[in-house]
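I have placed the structure first, in the form of structure tokens, so that the comments after it can refer back to it.
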Protein chains: 2
Amino acid sequence: MKFDGLLMIPGPVHLHERIIRAMSRQMMGHRGKEFSEIMRYCVDGLKELFGTKHDVYIISGSGTAGLEAAIASFSNVRRITCVDNGKFGDRLGRIASRYTEADVVRFEWGKSIDLDAVEKSLAEGSEALAFVHNETSTAMLNPAEELAKLAKKYNALVIMDGITSVGGDEVKMDKWGIDVAIVGSQKCLGAPPGLAAVAVNDRAWDYYNEKCPFYLDLAAYRKKLPDMQTPYTPAVPLFFALEEALRIIEEEGLENRIRRHRLMSRAVREWAIEAGLQLFAEPEEPSDYSNTVTAIRMPEGVTDKDLRGTLQKEYGITVSGGQEHLKGKIFRIGTMGNVCKRHVIATLAAVQDILMRYDACKPALHAAIEVLKEL
Amino acid sequence: MKFDGLLMIPGPVHLHERIIRAMSRQMMGHRGKEFSEIMRYCVDGLKELFGTKHDVYIISGSGTAGLEAAIASFSNVRRITCVDNGKFGDRLGRIASRYTEADVVRFEWGKSIDLDAVEKSLAEGSEALAFVHNETSTAMLNPAEELAKLAKKYNALVIMDGITSVGGDEVKMDKWGIDVAIVGSQKCLGAPPGLAAVAVNDRAWDYYNEKCPFYLDLAAYRKKLPDMQTPYTPAVPLFFALEEALRIIEEEGLENRIRRHRLMSRAVREWAIEAGLQLFAEPEEPSDYSNTVTAIRMPEGVTDKDLRGTLQKEYGITVSGGQEHLKGKIFRIGTMGNVCKRHVIATLAAVQDILMRYDACKPALHAAIEVLKEL
């Protein structure tokens, strides 16, 4: 028998059955009132999660499409500072350099950002700052509020990749002074992949670049927003799913949801430490650990196939490997979206079972259960 | 009671129930073997529909995203000639001009293309030609094979927007000498909106522009194709739907499918003429009528709300209005994807019922039924 799968990766996430069912629906005209009502609910819900009163534009495409829409649309800057301490920080620099001069401030993957180095780059004449809030490649949370404050000192536009934090961790765009932020549908929102949303305050439009890509030109999305329409045909079934995902978030309550995400990732970390495993991230402050994903070093003598292959085969559970130079060196457990206590415990029990065959860890489920009791 | 809707617009199309059900499925890891097998089936199926042996890249985004990926990725040309005899021809020019010099050769909407005018532009030094195969804004089919032949005379790259023809009308990319072609999921393929596919032959890569947008850079898609993966997280539920849509096409057979599309649109045209209505398109050859959509002039004294509003309210049927300067002046009936005889007849009967209240047409269903008998 083939197991019913359980996805415990940092997105796409395992779907709540209500969201699966929500997609199973006949198409509707995307220029009609019925679609606009769905879109209005989505836009309003997303504003809450971004912590903004400003516009939110929904793009049919992956998180990367949203990221590029944000950077390209507001790339009328002489220079942009991009903070890179992981794969997605690296991606920011790659995207930005297609539009303007990008000064990529690099830090070792898994290490905290040095704010002084970022300030130095800003002081050298950057007009914008882009950074990743929650870096899933290394399982770290970067200090968004501090970075935004620093940028304001130099009057720089602040663009935040919140793809894997919005909806699962605290994001206060307006309060923190973030001008542009991005989220992906298939992460903490708990919806399937294929939509990205970009929140944009008024100030960002001073940096608008009219030569940005046509499909990703946020001015076209802005023009259609009062009618709650999109400039190009939206991925309608994914809007059905997003609407249901946002209803689930509303029912849970954002504060409860953030608390759940924090407890789930803390449970994974405490289990790992108790089991004698090593976390990959070595942040200066415990608050720099990601609250939505955990990266653990692969124990010596255990290959990716040994762990992830067996986990898949015997338990039907998928966890992520490392990316780029971390391939085979770490594994990552996503605890995002609508997964709950039993998913986390089952995953840790399965990983532990397999690693113990290699004498690579000791029983430590109690440490996770202790944390999850609070849920 | 609110009616179960019937979409008879030129996309998104009414979905076959098998496709609706196909989306209702738990997510899977998009880097795993199971997803790759789905993608392989989709790529192979699309190659057949494009009439190509070359690569097909699937992008999560609307048809416009596919169009821009095609134009931007291969925009390393001094000048591109864009043929414009409708809204989507106009869009080609708008996209192309963000990347290179675009010479837009304009014709009146609803009129056939004058090949001499296109040749003149090519002769003046264009290195590429872009045109729309099936122009849904006016319901015309442009002469793809002749345009490609003309371009070859000037050794120009040929980019064809096949968004609303591939899978419903004859497209022979390799045979006709088309270098790059694009299709959208929500048109003749019969799938929901949110995916676009771009077919690219080897020659196109001579025109590759490495400064194209990151998300739409087809080189990234090309790199991942041997592993049957996408460079960025794909819209997984839409791949489930596309796979099922392509299975339905395989079962019907492409030739039968094209024949069905041609008969359905001919039925609409013959009904309209017999009913005393006027077709909007005034092509030089009957073969220039679209085989997937029909545009009809709104009879005098009938408003858009009178016809389309009542149709929606009383029958639950959606047909399209006119776009841009044609708003309120025409209405358009899409006969794309998996709609069948009964959908066409019901739509014409309903439109006729409403127009007769204004003495704006006469009974003519027999003309449509006569054509549809051949199905």
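Every chain in the structure tokens takes a letter, A first, then B, and so on in the order presented; its residues are numbered from 1, and the ligands are numbered from 1 following the presented order.
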With only C-alpha atoms considered, list every residue of chain A at most 9 Å from chain B, as a ChimeraX atom specification. /A:4-7,9,11-17,19-30,59-65,68,72,94-95,98-99,192-195,211-216,232-238,318
List as number ranges by chain the protein and nucleic acid residues near stretch 342-354 of chain B, meaning an atom at most 10 Å away when only C-alpha atoms are counted, but skip any in the same chain fewer than 3 places from it. B: 6-8, 14, 264-265, 267-268, 271-272, 275, 302, 306-308, 310-312, 314-319, 333-335, 338-339, 357-366, 368-369, 372
Using N, CA and C atoms, can you write the selected residues to a file as a compact mmCIF listing (two decimals), in the first residue's frame?
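The result, stored in out-v2.txt:
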```txt
# COMPACT_ATOMS: atom_id res chain seq x y z
N LEU B 6 -22.85 28.47 -15.99
CA LEU B 6 -22.24 27.93 -17.22
C LEU B 6 -21.42 29.05 -17.85
N LEU B 7 -20.11 28.84 -17.93
CA LEU B 7 -19.22 29.84 -18.51
C LEU B 7 -19.07 29.60 -20.00
N MET B 8 -19.49 30.56 -20.81
CA MET B 8 -19.32 30.43 -22.26
C MET B 8 -18.50 31.63 -22.76
N HIS B 14 -15.61 26.56 -18.78
CA HIS B 14 -16.35 25.64 -17.92
C HIS B 14 -15.53 24.36 -17.78
N MET B 264 -18.47 23.76 -33.49
CA MET B 264 -19.19 24.56 -32.49
C MET B 264 -19.17 26.04 -32.86
N SER B 265 -18.01 26.54 -33.30
CA SER B 265 -17.96 27.98 -33.64
C SER B 265 -18.74 28.25 -34.93
N ALA B 267 -21.38 26.64 -35.83
CA ALA B 267 -22.79 26.61 -35.42
C ALA B 267 -23.22 27.97 -34.87
N VAL B 268 -22.35 28.58 -34.07
CA VAL B 268 -22.68 29.90 -33.50
C VAL B 268 -22.79 30.93 -34.63
N TRP B 271 -25.94 30.31 -36.78
CA TRP B 271 -27.12 30.74 -36.02
C TRP B 271 -27.25 32.26 -36.06
N ALA B 272 -26.12 32.95 -35.82
CA ALA B 272 -26.15 34.42 -35.75
C ALA B 272 -26.63 35.02 -37.08
N ALA B 275 -30.20 34.36 -37.64
CA ALA B 275 -31.03 35.11 -36.69
C ALA B 275 -31.10 36.59 -37.05
N VAL B 302 -30.24 47.44 -27.67
CA VAL B 302 -30.00 46.45 -26.61
C VAL B 302 -28.69 46.80 -25.91
N ASP B 306 -28.87 44.55 -20.65
CA ASP B 306 -30.07 43.88 -21.15
C ASP B 306 -29.75 42.43 -21.51
N LEU B 307 -28.69 42.28 -22.29
CA LEU B 307 -28.39 40.93 -22.78
C LEU B 307 -27.60 40.12 -21.76
N ARG B 308 -26.41 40.59 -21.44
CA ARG B 308 -25.54 39.75 -20.61
C ARG B 308 -26.02 39.67 -19.17
N THR B 310 -29.21 39.87 -18.13
CA THR B 310 -30.39 39.00 -18.07
C THR B 310 -30.00 37.53 -18.26
N LEU B 311 -29.06 37.31 -19.15
CA LEU B 311 -28.58 35.95 -19.43
C LEU B 311 -28.01 35.33 -18.16
N GLN B 312 -27.29 36.14 -17.45
CA GLN B 312 -26.69 35.71 -16.19
C GLN B 312 -27.78 35.43 -15.15
N GLU B 314 -31.20 35.12 -15.48
CA GLU B 314 -32.27 34.16 -15.75
C GLU B 314 -31.76 32.76 -16.05
N TYR B 315 -30.60 32.69 -16.69
CA TYR B 315 -30.13 31.39 -17.16
C TYR B 315 -28.83 30.91 -16.48
N GLY B 316 -28.17 31.80 -15.74
CA GLY B 316 -26.89 31.41 -15.13
C GLY B 316 -25.79 31.22 -16.15
N ILE B 317 -25.97 31.80 -17.33
CA ILE B 317 -24.95 31.65 -18.39
C ILE B 317 -24.14 32.95 -18.50
N THR B 318 -22.83 32.82 -18.56
CA THR B 318 -21.97 33.99 -18.75
C THR B 318 -21.38 33.97 -20.16
N VAL B 319 -21.63 35.05 -20.92
CA VAL B 319 -20.89 35.26 -22.17
C VAL B 319 -20.10 36.55 -21.97
N ILE B 333 -19.15 34.79 -27.62
CA ILE B 333 -19.48 33.47 -27.10
C ILE B 333 -18.27 32.56 -27.30
N GLY B 334 -17.70 32.10 -26.22
CA GLY B 334 -16.57 31.17 -26.30
C GLY B 334 -17.08 29.76 -26.45
N THR B 335 -16.46 29.01 -27.35
CA THR B 335 -16.81 27.60 -27.52
C THR B 335 -15.50 26.80 -27.49
N ASN B 338 -13.89 21.87 -23.08
CA ASN B 338 -14.70 20.66 -23.04
C ASN B 338 -16.20 20.93 -23.05
N VAL B 339 -16.60 22.12 -23.56
CA VAL B 339 -18.04 22.33 -23.69
C VAL B 339 -18.53 21.53 -24.89
N ARG B 357 -37.03 39.49 -27.20
CA ARG B 357 -37.86 40.42 -26.41
C ARG B 357 -37.70 41.86 -26.90
N TYR B 358 -36.57 42.12 -27.56
CA TYR B 358 -36.30 43.47 -28.09
C TYR B 358 -36.53 43.52 -29.61
N ASP B 359 -37.14 42.46 -30.14
CA ASP B 359 -37.30 42.34 -31.60
C ASP B 359 -35.96 42.46 -32.31
N ALA B 360 -34.94 41.97 -31.65
CA ALA B 360 -33.60 42.17 -32.19
C ALA B 360 -33.06 40.95 -32.92
N CYS B 361 -33.81 39.87 -32.94
CA CYS B 361 -33.40 38.72 -33.76
C CYS B 361 -34.59 37.82 -34.01
N LYS B 362 -34.39 36.87 -34.91
CA LYS B 362 -35.47 35.92 -35.19
C LYS B 362 -35.02 34.50 -34.86
N PRO B 363 -35.96 33.59 -34.70
CA PRO B 363 -35.60 32.23 -34.29
C PRO B 363 -34.69 31.57 -35.33
N ALA B 364 -33.59 30.98 -34.88
CA ALA B 364 -32.63 30.44 -35.84
C ALA B 364 -31.87 29.24 -35.27
N LEU B 365 -32.41 28.68 -34.21
CA LEU B 365 -31.69 27.56 -33.58
C LEU B 365 -31.45 26.40 -34.55
N HIS B 366 -32.39 26.23 -35.47
CA HIS B 366 -32.27 25.13 -36.44
C HIS B 366 -30.94 25.21 -37.21
N ALA B 368 -28.05 26.27 -36.10
CA ALA B 368 -26.98 25.73 -35.25
C ALA B 368 -27.09 24.22 -35.14
N ILE B 369 -28.32 23.77 -34.94
CA ILE B 369 -28.54 22.33 -34.75
C ILE B 369 -28.11 21.57 -36.01
N LEU B 372 -24.42 21.23 -35.84
CA LEU B 372 -23.98 20.38 -34.72
C LEU B 372 -24.35 18.91 -34.91
```
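Secondary structure by DSSP on the backbone puts the following residues of stretch 153-291 of chain B in strand (DSSP E): Leu157, Val158, Ile159, Met160, Asp161, Val180, Ala181, Ile182, Val183, Gly184, Leu195, Ala196, Ala197, Val198, Ala199 and Val200 of chain B.
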Do you know which residues are at most 9 Å from stretch 130-141 of chain A counting only C-alpha atoms, after dropping those on the same chain fewer than 6 positions away, and could you put them as a ChimeraX atom specification? /A:10,71,80-89,92-93,96,109-112,147,157-165,280-283,287-295,322-323,326,332,334
Write a file of the selected residues as a PDB file, in the first residue's frame, keeping C-alpha atoms.
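What ended up in selection05.pdb:
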```pdb
ATOM      1  CA  PRO A  10       8.877  24.506   4.640  1.00  0.00           C
ATOM      2  CA  ILE A  71      11.769  44.568  -6.279  1.00  0.00           C
ATOM      3  CA  ILE A  80      19.896  48.585  -3.197  1.00  0.00           C
ATOM      4  CA  THR A  81      21.433  46.804  -0.236  1.00  0.00           C
ATOM      5  CA  CYS A  82      20.478  43.116  -0.109  1.00  0.00           C
ATOM      6  CA  VAL A  83      21.053  41.126   3.071  1.00  0.00           C
ATOM      7  CA  ASP A  84      22.171  37.561   2.352  1.00  0.00           C
ATOM      8  CA  ASN A  85      22.529  34.923   5.052  1.00  0.00           C
ATOM      9  CA  GLY A  86      20.879  32.065   3.176  1.00  0.00           C
ATOM     10  CA  LYS A  87      19.562  30.860  -0.163  1.00  0.00           C
ATOM     11  CA  PHE A  88      16.661  33.283  -0.262  1.00  0.00           C
ATOM     12  CA  GLY A  89      18.815  36.231   0.711  1.00  0.00           C
ATOM     13  CA  LEU A  92      17.112  38.774  -3.459  1.00  0.00           C
ATOM     14  CA  GLY A  93      20.490  39.896  -4.758  1.00  0.00           C
ATOM     15  CA  ALA A  96      17.717  43.028  -7.670  1.00  0.00           C
ATOM     16  CA  TRP A 109      24.642  30.753   6.306  1.00  0.00           C
ATOM     17  CA  GLY A 110      23.207  29.970   9.710  1.00  0.00           C
ATOM     18  CA  LYS A 111      24.763  33.010  11.390  1.00  0.00           C
ATOM     19  CA  SER A 112      23.031  36.140  12.643  1.00  0.00           C
ATOM     20  CA  LEU A 147      16.695  46.326   9.922  1.00  0.00           C
ATOM     21  CA  LEU A 157      12.933  52.019   0.990  1.00  0.00           C
ATOM     22  CA  VAL A 158      12.421  48.789   2.939  1.00  0.00           C
ATOM     23  CA  ILE A 159      11.425  45.601   1.089  1.00  0.00           C
ATOM     24  CA  MET A 160      10.856  42.505   3.210  1.00  0.00           C
ATOM     25  CA  ASP A 161      10.524  38.936   1.960  1.00  0.00           C
ATOM     26  CA  GLY A 162       7.912  37.658   4.392  1.00  0.00           C
ATOM     27  CA  ILE A 163       7.123  34.631   2.241  1.00  0.00           C
ATOM     28  CA  THR A 164       7.524  32.158   5.093  1.00  0.00           C
ATOM     29  CA  SER A 165       6.670  34.347   8.087  1.00  0.00           C
ATOM     30  CA  PHE A 280      22.313  24.057  12.069  1.00  0.00           C
ATOM     31  CA  ALA A 281      21.552  27.657  12.924  1.00  0.00           C
ATOM     32  CA  GLU A 282      23.887  29.278  15.428  1.00  0.00           C
ATOM     33  CA  PRO A 283      22.168  32.568  16.132  1.00  0.00           C
ATOM     34  CA  SER A 287      14.983  34.892  19.103  1.00  0.00           C
ATOM     35  CA  ASP A 288      16.851  34.511  15.797  1.00  0.00           C
ATOM     36  CA  TYR A 289      15.661  30.916  15.454  1.00  0.00           C
ATOM     37  CA  SER A 290      12.919  30.528  12.877  1.00  0.00           C
ATOM     38  CA  ASN A 291       9.458  29.922  14.290  1.00  0.00           C
ATOM     39  CA  THR A 292       8.260  28.032  11.247  1.00  0.00           C
ATOM     40  CA  VAL A 293      11.071  25.647  10.276  1.00  0.00           C
ATOM     41  CA  THR A 294      13.982  23.884  11.981  1.00  0.00           C
ATOM     42  CA  ALA A 295      17.287  22.857  10.371  1.00  0.00           C
ATOM     43  CA  GLY A 322      19.637  21.035   2.600  1.00  0.00           C
ATOM     44  CA  GLN A 323      19.910  23.415  -0.336  1.00  0.00           C
ATOM     45  CA  LEU A 326      24.124  22.145   2.470  1.00  0.00           C
ATOM     46  CA  ARG A 332      14.759  20.571   7.681  1.00  0.00           C
ATOM     47  CA  GLY A 334       8.718  22.582   8.403  1.00  0.00           C
TER      48      GLY A 334
END
```
DSSP says helix (DSSP H, G or I) for which residues of stretch 166-222 of chain A? Put them as an NGL selection string? :A and (173-176 or 202-207 or 218-222)
